[in-house]
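Everything below belongs to protein.cif, which stores mmCIF, C-alpha atoms.
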```cif
data_query
loop_
_atom_site.label_atom_id
_atom_site.label_comp_id
_atom_site.auth_asym_id
_atom_site.auth_seq_id
_atom_site.Cartn_x
_atom_site.Cartn_y
_atom_site.Cartn_z
CA MET A 1 5.33 -3.06 -32.75
CA LEU A 2 2.71 -4.41 -30.35
CA ARG A 3 0.87 -7.54 -31.20
CA LYS A 4 -2.14 -9.23 -29.76
CA GLU A 5 -0.05 -12.15 -28.45
CA LEU A 6 1.04 -9.81 -25.68
CA ILE A 7 -2.46 -9.73 -24.16
CA GLY A 8 -2.37 -11.34 -20.74
CA ARG A 9 1.36 -10.93 -20.32
CA GLU A 10 2.32 -9.79 -16.82
CA SER A 11 5.21 -8.12 -15.08
CA GLU A 12 6.91 -9.52 -12.02
CA SER A 13 5.52 -8.33 -8.72
CA ILE A 14 7.28 -5.21 -7.53
CA VAL A 15 7.43 -4.45 -3.84
CA VAL A 16 7.66 -0.78 -2.89
CA LYS A 17 7.40 1.28 0.23
CA ILE A 18 5.28 4.42 -0.05
CA LYS A 19 8.00 6.81 1.08
CA PRO A 20 7.06 10.12 2.70
CA GLU A 21 9.69 12.05 0.72
CA GLU A 22 8.34 10.73 -2.57
CA VAL A 23 4.77 11.57 -1.63
CA ARG A 24 5.93 15.04 -0.58
CA ARG A 25 7.74 15.59 -3.88
CA PHE A 26 4.66 14.41 -5.77
CA ALA A 27 2.38 16.73 -3.77
CA GLU A 28 4.68 19.68 -4.38
CA ALA A 29 4.96 18.99 -8.10
CA THR A 30 1.20 18.72 -8.51
CA GLY A 31 0.51 21.79 -6.35
CA VAL A 32 -1.32 20.20 -3.45
CA PRO A 33 -0.57 20.51 0.27
CA TYR A 34 1.46 17.66 1.72
CA ASN A 35 -0.37 16.07 4.62
CA ASP A 36 -0.75 12.57 5.94
CA ARG A 37 -2.60 11.47 2.80
CA VAL A 38 -1.35 9.99 -0.42
CA PRO A 39 -2.75 11.92 -3.42
CA PRO A 40 -5.01 9.52 -5.34
CA THR A 41 -3.04 9.69 -8.59
CA PHE A 42 0.26 8.90 -6.83
CA VAL A 43 -0.16 5.26 -7.89
CA GLY A 44 0.45 6.50 -11.44
CA THR A 45 4.11 6.79 -10.46
CA LEU A 46 4.41 3.05 -9.89
CA LEU A 47 6.02 2.61 -13.27
CA HIS A 48 8.78 0.17 -12.54
CA ALA A 49 6.96 -3.01 -13.48
CA SER A 50 8.16 -3.85 -16.98
CA ILE A 51 6.50 -6.37 -19.19
CA ASP A 52 8.57 -8.38 -21.65
CA GLY A 53 7.84 -7.22 -25.18
CA VAL A 54 6.11 -4.00 -24.14
CA GLU A 55 8.68 -1.23 -24.55
CA LEU A 56 7.19 2.09 -23.52
CA PRO A 57 7.16 4.90 -24.42
CA ILE A 58 6.59 4.42 -28.12
CA VAL A 59 7.34 7.54 -30.17
CA GLY A 60 4.22 9.68 -30.48
CA MET A 61 2.12 7.65 -28.09
CA ILE A 62 -0.39 9.49 -25.95
CA HIS A 63 -2.31 8.69 -22.80
CA GLY A 64 -5.98 8.25 -23.64
CA GLU A 65 -7.69 7.24 -20.44
CA GLN A 66 -6.87 6.46 -16.83
CA LYS A 67 -8.97 4.80 -14.18
CA ILE A 68 -8.01 4.34 -10.55
CA THR A 69 -10.10 2.52 -7.95
CA TYR A 70 -9.23 2.19 -4.29
CA SER A 71 -10.66 -0.47 -2.05
CA ARG A 72 -9.15 1.41 0.87
CA GLN A 73 -6.91 4.40 1.36
CA LEU A 74 -3.23 3.99 0.53
CA ARG A 75 -1.10 5.01 3.52
CA ILE A 76 2.26 6.71 3.72
CA GLY A 77 4.91 4.31 4.98
CA GLU A 78 3.15 1.13 4.00
CA THR A 79 4.54 -1.49 1.67
CA ILE A 80 2.68 -2.40 -1.48
CA SER A 81 3.19 -5.18 -3.96
CA TYR A 82 2.03 -4.35 -7.47
CA LYS A 83 1.94 -6.04 -10.79
CA LYS A 84 1.20 -4.81 -14.28
CA ARG A 85 -0.63 -6.73 -16.98
CA VAL A 86 -1.55 -6.21 -20.62
CA LYS A 87 -5.32 -6.32 -20.47
CA ASP A 88 -6.02 -5.65 -24.12
CA ILE A 89 -4.53 -4.48 -27.40
CA TYR A 90 -6.69 -3.42 -30.31
CA ASP A 91 -6.49 -1.33 -33.44
CA ARG A 92 -8.84 1.35 -34.62
CA SER A 93 -8.82 3.41 -37.74
CA GLY A 94 -9.57 7.10 -37.46
CA LYS A 95 -8.92 10.21 -39.47
CA LEU A 96 -5.26 10.06 -38.45
CA GLY A 97 -4.87 6.53 -39.80
CA LYS A 98 -4.45 3.36 -37.85
CA MET A 99 -4.07 3.66 -34.11
CA THR A 100 -3.19 0.96 -31.62
CA PHE A 101 -4.82 1.01 -28.19
CA ILE A 102 -3.00 -0.70 -25.34
CA VAL A 103 -4.83 -1.29 -22.08
CA LEU A 104 -2.50 -1.79 -19.12
CA GLU A 105 -3.77 -2.75 -15.71
CA THR A 106 -1.86 -2.31 -12.46
CA ILE A 107 -3.07 -3.98 -9.28
CA GLY A 108 -1.66 -3.24 -5.83
CA TYR A 109 -1.95 -5.36 -2.69
CA ASP A 110 -0.71 -4.82 0.82
CA LEU A 111 1.48 -7.36 2.59
CA THR A 112 -1.50 -9.24 3.98
CA GLY A 113 -2.66 -9.79 0.39
CA GLU A 114 -5.57 -7.37 0.68
CA LEU A 115 -6.38 -5.47 -2.52
CA VAL A 116 -5.60 -1.77 -2.13
CA PHE A 117 -5.99 -0.33 -5.62
CA SER A 118 -6.42 -1.19 -9.23
CA SER A 119 -5.63 1.10 -12.06
CA SER A 120 -6.08 0.89 -15.77
CA SER A 121 -4.43 3.00 -18.48
CA ILE A 122 -5.26 3.26 -22.13
CA ILE A 123 -2.24 4.24 -24.21
CA ILE A 124 -2.77 5.20 -27.85
CA ALA A 125 0.02 4.73 -30.36
CA GLN A 126 -0.19 6.18 -33.86
CA GLY A 127 0.39 3.34 -36.25
CA LYS A 128 2.81 4.97 -38.71
CA GLU A 129 5.17 2.03 -38.60
CA ASP A 130 3.08 -1.10 -38.90
CA ALA A 131 3.05 -3.91 -36.36
CA MET B 1 -19.79 24.73 7.25
CA LYS B 2 -21.76 22.34 5.15
CA SER B 3 -20.67 18.74 5.58
CA LEU B 4 -20.27 16.30 2.71
CA SER B 5 -23.39 14.37 3.66
CA ASP B 6 -25.49 17.50 3.12
CA HIS B 7 -24.64 17.81 -0.56
CA GLN B 8 -27.37 17.06 -3.03
CA VAL B 9 -27.58 15.86 -6.59
CA SER B 10 -26.81 18.51 -9.26
CA GLU B 11 -24.75 20.71 -6.92
CA ARG B 12 -21.60 22.08 -8.49
CA LEU B 13 -18.21 21.52 -6.91
CA PRO B 14 -15.76 24.39 -6.28
CA VAL B 15 -13.72 25.03 -9.44
CA ARG B 16 -9.93 24.64 -9.45
CA LYS B 17 -7.93 26.84 -11.81
CA TRP B 18 -4.66 25.48 -13.11
CA ILE B 19 -2.03 27.04 -15.37
CA PRO B 20 0.74 24.53 -16.06
CA THR B 21 4.25 25.91 -16.53
CA PRO B 22 7.31 24.26 -18.11
CA MET B 23 8.83 24.19 -14.63
CA GLN B 24 5.88 22.33 -13.14
CA ILE B 25 5.96 19.80 -15.98
CA ARG B 26 9.68 19.25 -15.34
CA GLN B 27 8.99 18.85 -11.60
CA TYR B 28 6.21 16.39 -12.33
CA ALA B 29 8.52 14.36 -14.60
CA GLU B 30 10.99 14.13 -11.74
CA ALA B 31 8.38 13.31 -9.11
CA SER B 32 6.65 10.70 -11.25
CA GLY B 33 9.60 9.21 -13.13
CA ASP B 34 7.81 9.83 -16.46
CA PHE B 35 10.52 11.45 -18.58
CA ASN B 36 8.84 10.91 -21.94
CA PRO B 37 10.43 13.70 -24.05
CA ILE B 38 7.04 14.75 -25.46
CA HIS B 39 6.64 16.58 -22.13
CA LEU B 40 10.11 18.06 -21.93
CA ASP B 41 11.65 18.59 -25.35
CA ASP B 42 9.85 20.95 -27.70
CA ASN B 43 11.70 19.82 -30.84
CA TYR B 44 11.08 16.19 -30.04
CA ALA B 45 7.37 16.85 -29.41
CA ARG B 46 7.08 18.68 -32.74
CA GLN B 47 8.73 15.83 -34.60
CA ALA B 48 6.34 13.43 -32.89
CA GLY B 49 3.52 15.44 -34.46
CA LEU B 50 2.23 17.04 -31.26
CA GLY B 51 3.06 20.64 -32.20
CA GLY B 52 5.16 21.22 -29.08
CA VAL B 53 5.42 19.91 -25.54
CA ILE B 54 2.29 18.83 -23.72
CA ALA B 55 1.61 18.36 -20.00
CA HIS B 56 1.45 14.81 -18.67
CA GLY B 57 -2.11 13.52 -18.71
CA MET B 58 -1.48 12.30 -15.18
CA LEU B 59 -0.64 15.87 -14.13
CA SER B 60 -4.03 17.03 -15.42
CA MET B 61 -5.67 14.13 -13.62
CA ALA B 62 -3.84 15.15 -10.43
CA GLN B 63 -5.43 18.62 -10.74
CA MET B 64 -8.86 17.06 -11.00
CA ALA B 65 -8.09 14.92 -7.95
CA ALA B 66 -6.84 18.04 -6.13
CA MET B 67 -10.11 19.83 -6.89
CA LEU B 68 -11.91 16.91 -5.24
CA THR B 69 -9.63 16.57 -2.22
CA ASP B 70 -9.80 20.35 -1.56
CA TRP B 71 -13.53 19.98 -1.48
CA ILE B 72 -13.87 16.78 0.57
CA GLY B 73 -11.14 17.58 3.12
CA ASP B 74 -11.05 14.97 5.87
CA GLU B 75 -14.65 13.96 5.44
CA GLY B 76 -14.15 11.27 2.84
CA ILE B 77 -11.88 9.71 0.28
CA ILE B 78 -11.81 9.41 -3.48
CA SER B 79 -12.59 5.74 -3.91
CA LYS B 80 -12.68 5.92 -7.68
CA ILE B 81 -11.52 8.38 -10.30
CA ASP B 82 -11.78 7.67 -14.02
CA VAL B 83 -10.77 10.20 -16.64
CA ARG B 84 -10.47 10.51 -20.36
CA PHE B 85 -7.86 12.85 -21.82
CA GLU B 86 -9.68 14.59 -24.65
CA GLN B 87 -7.37 17.40 -25.71
CA MET B 88 -3.74 18.10 -25.08
CA VAL B 89 -2.85 20.56 -22.33
CA ARG B 90 0.12 22.82 -22.99
CA PRO B 91 2.21 25.05 -20.74
CA GLY B 92 0.47 28.42 -20.38
CA ASP B 93 -3.05 27.08 -20.92
CA THR B 94 -5.62 28.13 -18.35
CA VAL B 95 -7.50 25.03 -17.28
CA LEU B 96 -10.61 25.08 -15.12
CA CYS B 97 -11.43 21.81 -13.38
CA SER B 98 -15.08 21.46 -12.50
CA GLY B 99 -17.61 18.90 -11.47
CA PHE B 100 -21.09 18.31 -10.17
CA ILE B 101 -22.86 15.66 -8.17
CA ARG B 102 -24.60 13.29 -10.51
CA ALA B 103 -25.99 10.83 -8.00
CA ARG B 104 -25.64 9.90 -4.38
CA SER B 105 -26.36 7.23 -1.84
CA GLU B 106 -25.97 7.60 1.88
CA LYS B 107 -22.22 7.04 1.79
CA VAL B 108 -21.18 7.68 -1.80
CA LEU B 109 -21.29 10.80 -3.97
CA VAL B 110 -20.94 10.16 -7.70
CA CYS B 111 -19.47 13.20 -9.43
CA ASP B 112 -19.17 14.08 -13.10
CA LEU B 113 -15.89 15.78 -13.91
CA ALA B 114 -14.85 18.09 -16.74
CA ALA B 115 -11.94 20.42 -17.39
CA PHE B 116 -11.92 23.14 -20.04
CA ASN B 117 -9.17 25.35 -21.39
CA GLU B 118 -9.49 29.07 -22.16
CA ARG B 119 -10.65 28.26 -25.71
CA ASP B 120 -13.56 26.39 -24.15
CA GLU B 121 -12.29 23.04 -25.39
CA ARG B 122 -12.92 20.16 -23.05
CA VAL B 123 -9.49 18.74 -22.21
CA LEU B 124 -10.61 16.10 -19.76
CA SER B 125 -13.83 14.41 -18.73
CA GLY B 126 -14.46 11.82 -16.10
CA LEU B 127 -16.21 10.47 -13.09
CA ALA B 128 -15.38 10.10 -9.42
CA HIS B 129 -16.83 8.30 -6.44
CA ILE B 130 -16.39 10.01 -3.10
CA THR B 131 -16.87 7.71 -0.16
CA ILE B 132 -17.93 9.61 2.95
CA ASN B 133 -16.16 8.53 6.16
#
```
Any chance you could give the structure as C-alpha coordinates?
Amino acid sequence: MLRKELIGRESESIVVKIKPEEVRRFAEATGVPYNDRVPPTFVGTLLHASIDGVELPIVGMIHGEQKITYSRQLRIGETISYKKRVKDIYDRSGKLGKMTFIVLETIGYDLTGELVFSSSSIIIAQGKEDA
Amino acid sequence: MKSLSDHQVSERLPVRKWIPTPMQIRQYAEASGDFNPIHLDDNYARQAGLGGVIAHGMLSMAQMAAMLTDWIGDEGIISKIDVRFEQMVRPGDTVLCSGFIRARSEKVLVCDLAAFNERDERVLSGLAHITIN
(Lines of atoms letter the chains of each structure in order from A and count residues from 1; the text may use other names and numbers.)
(Lines give C-alpha, C1' and ligand atoms only; values in the text may rest on other atoms or scores of the structure.)
Protein backbone atom coordinates (compact mmCIF):
# COMPACT_ATOMS: atom_id res chain seq x y z
CA MET A 1 0.00 0.00 0.00
CA LEU A 2 2.23 2.84 1.22
CA ARG A 3 5.85 2.20 1.84
CA LYS A 4 8.57 4.16 3.50
CA GLU A 5 10.39 4.71 0.19
CA LEU A 6 7.75 7.34 -0.54
CA ILE A 7 9.03 9.62 2.23
CA GLY A 8 10.39 12.79 0.69
CA ARG A 9 8.53 12.37 -2.56
CA GLU A 10 7.03 15.63 -3.83
CA SER A 11 4.32 16.77 -6.16
CA GLU A 12 4.85 19.23 -8.97
CA SER A 13 4.24 22.86 -8.07
CA ILE A 14 0.65 23.84 -8.71
CA VAL A 15 -0.18 27.44 -9.44
CA VAL A 16 -3.66 28.60 -8.45
CA LYS A 17 -5.52 31.84 -8.18
CA ILE A 18 -7.55 32.30 -5.00
CA LYS A 19 -10.84 32.95 -6.76
CA PRO A 20 -13.55 34.99 -5.04
CA GLU A 21 -16.32 32.62 -6.14
CA GLU A 22 -14.50 29.63 -4.65
CA VAL A 23 -13.88 31.44 -1.38
CA ARG A 24 -17.55 32.46 -1.31
CA ARG A 25 -18.69 28.89 -1.90
CA PHE A 26 -16.35 27.67 0.84
CA ALA A 27 -17.61 30.32 3.27
CA GLU A 28 -21.23 29.42 2.53
CA ALA A 29 -20.62 25.70 2.92
CA THR A 30 -18.88 26.15 6.25
CA GLY A 31 -21.46 28.64 7.53
CA VAL A 32 -19.34 31.76 7.83
CA PRO A 33 -20.00 35.21 6.38
CA TYR A 34 -18.22 35.92 3.11
CA ASN A 35 -16.10 39.04 3.42
CA ASP A 36 -12.76 40.14 2.07
CA ARG A 37 -10.95 37.44 4.04
CA VAL A 38 -10.03 33.91 3.14
CA PRO A 39 -11.17 31.48 5.87
CA PRO A 40 -8.03 29.96 7.40
CA THR A 41 -8.90 26.36 6.52
CA PHE A 42 -9.52 27.24 2.85
CA VAL A 43 -5.99 26.03 2.06
CA GLY A 44 -7.29 22.54 2.87
CA THR A 45 -9.03 22.66 -0.51
CA LEU A 46 -5.73 22.85 -2.37
CA LEU A 47 -5.89 19.17 -3.15
CA HIS A 48 -4.77 19.05 -6.73
CA ALA A 49 -1.11 18.31 -6.12
CA SER A 50 -0.74 14.58 -6.66
CA ILE A 51 2.29 12.62 -5.63
CA ASP A 52 3.36 9.60 -7.66
CA GLY A 53 2.66 6.44 -5.69
CA VAL A 54 0.37 8.10 -3.16
CA GLU A 55 -3.18 7.32 -4.26
CA LEU A 56 -5.66 8.92 -1.89
CA PRO A 57 -8.21 8.28 -0.55
CA ILE A 58 -7.46 4.78 0.67
CA VAL A 59 -10.58 2.86 1.72
CA GLY A 60 -11.30 3.44 5.40
CA MET A 61 -8.65 6.10 5.89
CA ILE A 62 -9.39 8.90 8.32
CA HIS A 63 -7.96 12.33 8.94
CA GLY A 64 -6.08 12.33 12.23
CA GLU A 65 -4.54 15.76 12.58
CA GLN A 66 -4.23 19.01 10.67
CA LYS A 67 -1.94 21.94 11.24
CA ILE A 68 -1.97 25.20 9.32
CA THR A 69 0.47 28.06 9.84
CA TYR A 70 0.35 31.39 8.04
CA SER A 71 3.31 33.69 7.73
CA ARG A 72 0.92 36.30 6.41
CA GLN A 73 -2.73 36.50 5.47
CA LEU A 74 -3.79 34.81 2.24
CA ARG A 75 -5.64 37.29 0.02
CA ILE A 76 -8.54 36.83 -2.35
CA GLY A 77 -7.41 37.26 -5.95
CA GLU A 78 -3.77 36.47 -5.39
CA THR A 79 -1.87 33.69 -7.07
CA ILE A 80 -0.23 30.99 -5.01
CA SER A 81 2.18 28.25 -5.94
CA TYR A 82 1.95 25.19 -3.73
CA LYS A 83 3.61 21.85 -3.50
CA LYS A 84 2.85 18.74 -1.51
CA ARG A 85 5.40 16.39 0.02
CA VAL A 86 5.36 13.12 1.93
CA LYS A 87 6.95 14.13 5.20
CA ASP A 88 6.69 10.81 6.97
CA ILE A 89 5.10 7.37 6.90
CA TYR A 90 5.05 5.13 9.94
CA ASP A 91 3.12 2.21 11.34
CA ARG A 92 1.62 1.82 14.77
CA SER A 93 -0.21 -1.05 16.31
CA GLY A 94 -3.30 -0.32 18.34
CA LYS A 95 -6.37 -2.18 19.46
CA LEU A 96 -7.71 -2.05 15.91
CA GLY A 97 -4.59 -3.72 14.52
CA LYS A 98 -1.89 -2.17 12.43
CA MET A 99 -2.41 1.39 11.30
CA THR A 100 -0.33 3.39 8.85
CA PHE A 101 0.19 7.10 9.50
CA ILE A 102 0.98 9.30 6.51
CA VAL A 103 2.18 12.85 7.11
CA LEU A 104 1.65 15.13 4.13
CA GLU A 105 2.96 18.67 4.05
CA THR A 106 1.73 21.41 1.74
CA ILE A 107 3.67 24.64 1.38
CA GLY A 108 2.36 27.72 -0.42
CA TYR A 109 4.35 30.66 -1.75
CA ASP A 110 3.29 33.83 -3.50
CA LEU A 111 4.71 34.83 -6.86
CA THR A 112 7.59 36.72 -5.29
CA GLY A 113 8.63 33.47 -3.59
CA GLU A 114 7.56 34.61 -0.14
CA LEU A 115 6.21 31.85 2.10
CA VAL A 116 2.49 32.33 2.75
CA PHE A 117 1.40 29.15 4.51
CA SER A 118 2.44 25.68 5.43
CA SER A 119 0.08 22.94 6.32
CA SER A 120 0.54 19.42 7.53
CA SER A 121 -1.99 16.57 7.55
CA ILE A 122 -1.83 13.25 9.28
CA ILE A 123 -3.88 10.61 7.49
CA ILE A 124 -4.47 7.28 9.22
CA ALA A 125 -5.09 4.15 7.17
CA GLN A 126 -6.26 0.93 8.77
CA GLY A 127 -3.83 -1.75 7.74
CA LYS A 128 -6.23 -4.56 6.82
CA GLU A 129 -4.47 -5.23 3.56
CA ASP A 130 -0.77 -5.28 4.26
CA ALA A 131 1.77 -3.03 2.58
CA MET B 1 -16.40 46.77 23.40
CA LYS B 2 -13.38 45.00 24.72
CA SER B 3 -10.52 44.89 22.26
CA LEU B 4 -8.37 41.82 21.64
CA SER B 5 -5.38 43.32 23.43
CA ASP B 6 -7.41 43.52 26.64
CA HIS B 7 -7.96 39.79 26.91
CA GLN B 8 -6.13 37.97 29.64
CA VAL B 9 -4.87 34.47 30.22
CA SER B 10 -7.55 31.91 31.23
CA GLU B 11 -10.44 33.87 29.69
CA ARG B 12 -12.91 31.72 27.80
CA LEU B 13 -13.78 32.42 24.19
CA PRO B 14 -17.39 32.69 22.98
CA VAL B 15 -18.72 29.20 22.19
CA ARG B 16 -19.87 28.28 18.67
CA LYS B 17 -22.63 25.70 18.33
CA TRP B 18 -22.65 23.58 15.21
CA ILE B 19 -25.07 20.89 14.03
CA PRO B 20 -23.85 19.39 10.77
CA THR B 21 -26.50 18.23 8.29
CA PRO B 22 -26.17 15.85 5.33
CA MET B 23 -26.78 18.87 3.10
CA GLN B 24 -23.94 20.85 4.63
CA ILE B 25 -21.59 17.89 4.26
CA ARG B 26 -22.57 17.60 0.59
CA GLN B 27 -22.01 21.36 0.14
CA TYR B 28 -18.64 21.10 1.82
CA ALA B 29 -17.64 18.21 -0.46
CA GLU B 30 -18.47 20.39 -3.44
CA ALA B 31 -16.74 23.49 -2.09
CA SER B 32 -13.62 21.61 -1.04
CA GLY B 33 -13.38 18.98 -3.79
CA ASP B 34 -13.16 16.22 -1.15
CA PHE B 35 -15.68 13.67 -2.41
CA ASN B 36 -14.44 10.75 -0.31
CA PRO B 37 -17.59 8.56 -0.12
CA ILE B 38 -17.17 8.05 3.65
CA HIS B 39 -18.77 11.52 3.91
CA LEU B 40 -21.50 11.03 1.35
CA ASP B 41 -22.53 7.39 1.03
CA ASP B 42 -23.94 5.71 4.11
CA ASN B 43 -23.56 2.15 2.80
CA TYR B 44 -20.00 2.79 1.74
CA ALA B 45 -19.15 4.31 5.13
CA ARG B 46 -20.65 1.29 6.91
CA GLN B 47 -18.64 -1.11 4.79
CA ALA B 48 -15.53 0.91 5.56
CA GLY B 49 -16.21 0.20 9.24
CA LEU B 50 -17.24 3.72 10.22
CA GLY B 51 -20.85 2.90 11.12
CA GLY B 52 -22.29 5.48 8.72
CA VAL B 53 -21.27 8.75 7.12
CA ILE B 54 -19.07 11.16 9.03
CA ALA B 55 -18.46 14.89 8.55
CA HIS B 56 -15.16 15.94 6.99
CA GLY B 57 -12.56 16.63 9.65
CA MET B 58 -11.77 19.81 7.76
CA LEU B 59 -15.40 20.91 8.14
CA SER B 60 -15.10 20.54 11.92
CA MET B 61 -11.83 22.44 11.81
CA ALA B 62 -13.55 25.18 9.80
CA GLN B 63 -16.10 25.52 12.64
CA MET B 64 -13.30 25.94 15.14
CA ALA B 65 -11.71 28.56 12.89
CA ALA B 66 -15.11 30.27 12.55
CA MET B 67 -15.44 30.43 16.33
CA LEU B 68 -12.08 32.22 16.39
CA THR B 69 -12.74 34.60 13.50
CA ASP B 70 -16.15 35.56 14.96
CA TRP B 71 -14.33 36.48 18.12
CA ILE B 72 -11.31 38.30 16.67
CA GLY B 73 -13.18 40.20 13.94
CA ASP B 74 -10.88 42.65 12.17
CA GLU B 75 -8.51 42.98 15.08
CA GLY B 76 -6.20 40.14 14.21
CA ILE B 77 -5.61 37.01 12.22
CA ILE B 78 -5.28 33.32 12.95
CA SER B 79 -1.59 32.81 12.32
CA LYS B 80 -1.64 29.19 13.39
CA ILE B 81 -4.29 26.57 13.96
CA ASP B 82 -3.46 22.97 14.82
CA VAL B 83 -6.13 20.38 15.54
CA ARG B 84 -6.45 16.74 16.31
CA PHE B 85 -9.60 14.90 15.25
CA GLU B 86 -10.41 12.71 18.24
CA GLN B 87 -13.88 11.36 17.54
CA MET B 88 -15.98 11.19 14.43
CA VAL B 89 -18.65 13.83 13.93
CA ARG B 90 -21.89 12.68 12.33
CA PRO B 91 -24.81 14.55 10.80
CA GLY B 92 -27.22 15.56 13.57
CA ASP B 93 -24.59 15.75 16.31
CA THR B 94 -24.59 18.92 18.37
CA VAL B 95 -21.02 20.15 18.58
CA LEU B 96 -19.88 22.97 20.83
CA CYS B 97 -16.59 24.60 19.86
CA SER B 98 -14.84 26.27 22.74
CA GLY B 99 -11.51 27.66 23.75
CA PHE B 100 -9.62 29.68 26.29
CA ILE B 101 -6.52 31.83 26.34
CA ARG B 102 -3.61 29.78 27.54
CA ALA B 103 -0.85 32.35 27.20
CA ARG B 104 -0.22 35.70 25.65
CA SER B 105 2.47 38.12 24.62
CA GLU B 106 1.89 41.67 23.52
CA LYS B 107 0.92 40.67 19.99
CA VAL B 108 0.00 37.00 20.19
CA LEU B 109 -2.78 35.16 22.03
CA VAL B 110 -2.25 31.41 22.38
CA CYS B 111 -5.58 29.63 22.68
CA ASP B 112 -6.43 26.07 23.65
CA LEU B 113 -9.28 24.65 21.60
CA ALA B 114 -11.75 21.85 22.27
CA ALA B 115 -15.02 20.72 20.75
CA PHE B 116 -17.47 18.36 22.44
CA ASN B 117 -20.56 16.58 21.19
CA GLU B 118 -23.84 16.19 23.10
CA ARG B 119 -22.55 12.97 24.68
CA ASP B 120 -19.71 15.01 26.16
CA GLU B 121 -17.12 13.25 24.03
CA ARG B 122 -14.27 15.44 22.89
CA VAL B 123 -14.35 15.35 19.10
CA LEU B 124 -11.54 17.78 18.46
CA SER B 125 -8.73 19.39 20.41
CA GLY B 126 -6.16 21.89 19.32
CA LEU B 127 -4.29 25.11 19.62
CA ALA B 128 -4.36 28.45 17.84
CA HIS B 129 -2.20 31.54 17.70
CA ILE B 130 -4.02 34.81 17.16
CA THR B 131 -1.78 37.59 15.98
CA ILE B 132 -3.17 41.00 16.90
CA ASN B 133 -2.95 43.62 14.12
Q: May I ask you to extract the residues of chain A within 7 Å of chain B, using only C-alpha atoms, and to give them as a list in words?
A: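 The complete set of qualifying residues is Arg25, Phe26, Ala29, Thr30, Val32, Pro40, Thr41, Thr45, Pro57, Val59, Gly60, His63, Gly64, Glu65, Gln66, Lys67, Ile68, Thr69, Tyr70 and Ser71 of chain A.
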Q. From the list A:Leu6, A:Ser81, A:Glu12, A:Leu47, which residue is nearest Ile102 (chain A) when using only C-alpha atoms?
A. A:Leu6
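Evaluating the PyMOL selection byres ((chain A and resi 114-117) around 9) against the shown model yields Val43, Ile68, Thr69, Tyr70, Ser71, Arg72, Gln73, Leu74, Ile80, Thr106, Ile107, Gly108, Tyr109, Asp110, Leu111, Thr112, Gly113, Ser118 and Ser119 of chain A.
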Q: Grab the CA of Arg85 (chain A) to CA of Val15 (chain A) distance for me, in Å with one decimal place.
A: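 Separation between CA of Arg85 (chain A) and CA of Val15 (chain A): 15.6 Å.
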Q: Take the PyMOL selection byres ((chain A and resi 126) around 9), apply it to the structure above, and return the hits as a PyMOL selection string.
A: chain A and resi 59-62+96-101+124-125+127-129
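Among the candidate residues A:Ile51, A:Ser13, A:Gly31, A:Val23, the one lying nearest to Lys17 (chain B) is A:Gly31, with distances computed using only C-alpha atoms.
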Test item: axis-aligned box, all listed atoms of region 40-52 of chain B, 5 Å on each side, centre and edges in Å rounded to one decimal, as JSON:
```
{"center_x": 7.0, "center_y": 17.3, "center_z": -28.3, "size_x": 19.5, "size_y": 17.8, "size_z": 22.7}
```
Q: Find the spatial neighbours of Val15 (chain B), counting only C-alpha atoms, within a cut-off of 7 Å - ignore same-chain residues fewer than 6 positions away - and output them as a PyMOL selection string.
A: chain B and resi 67+96-98
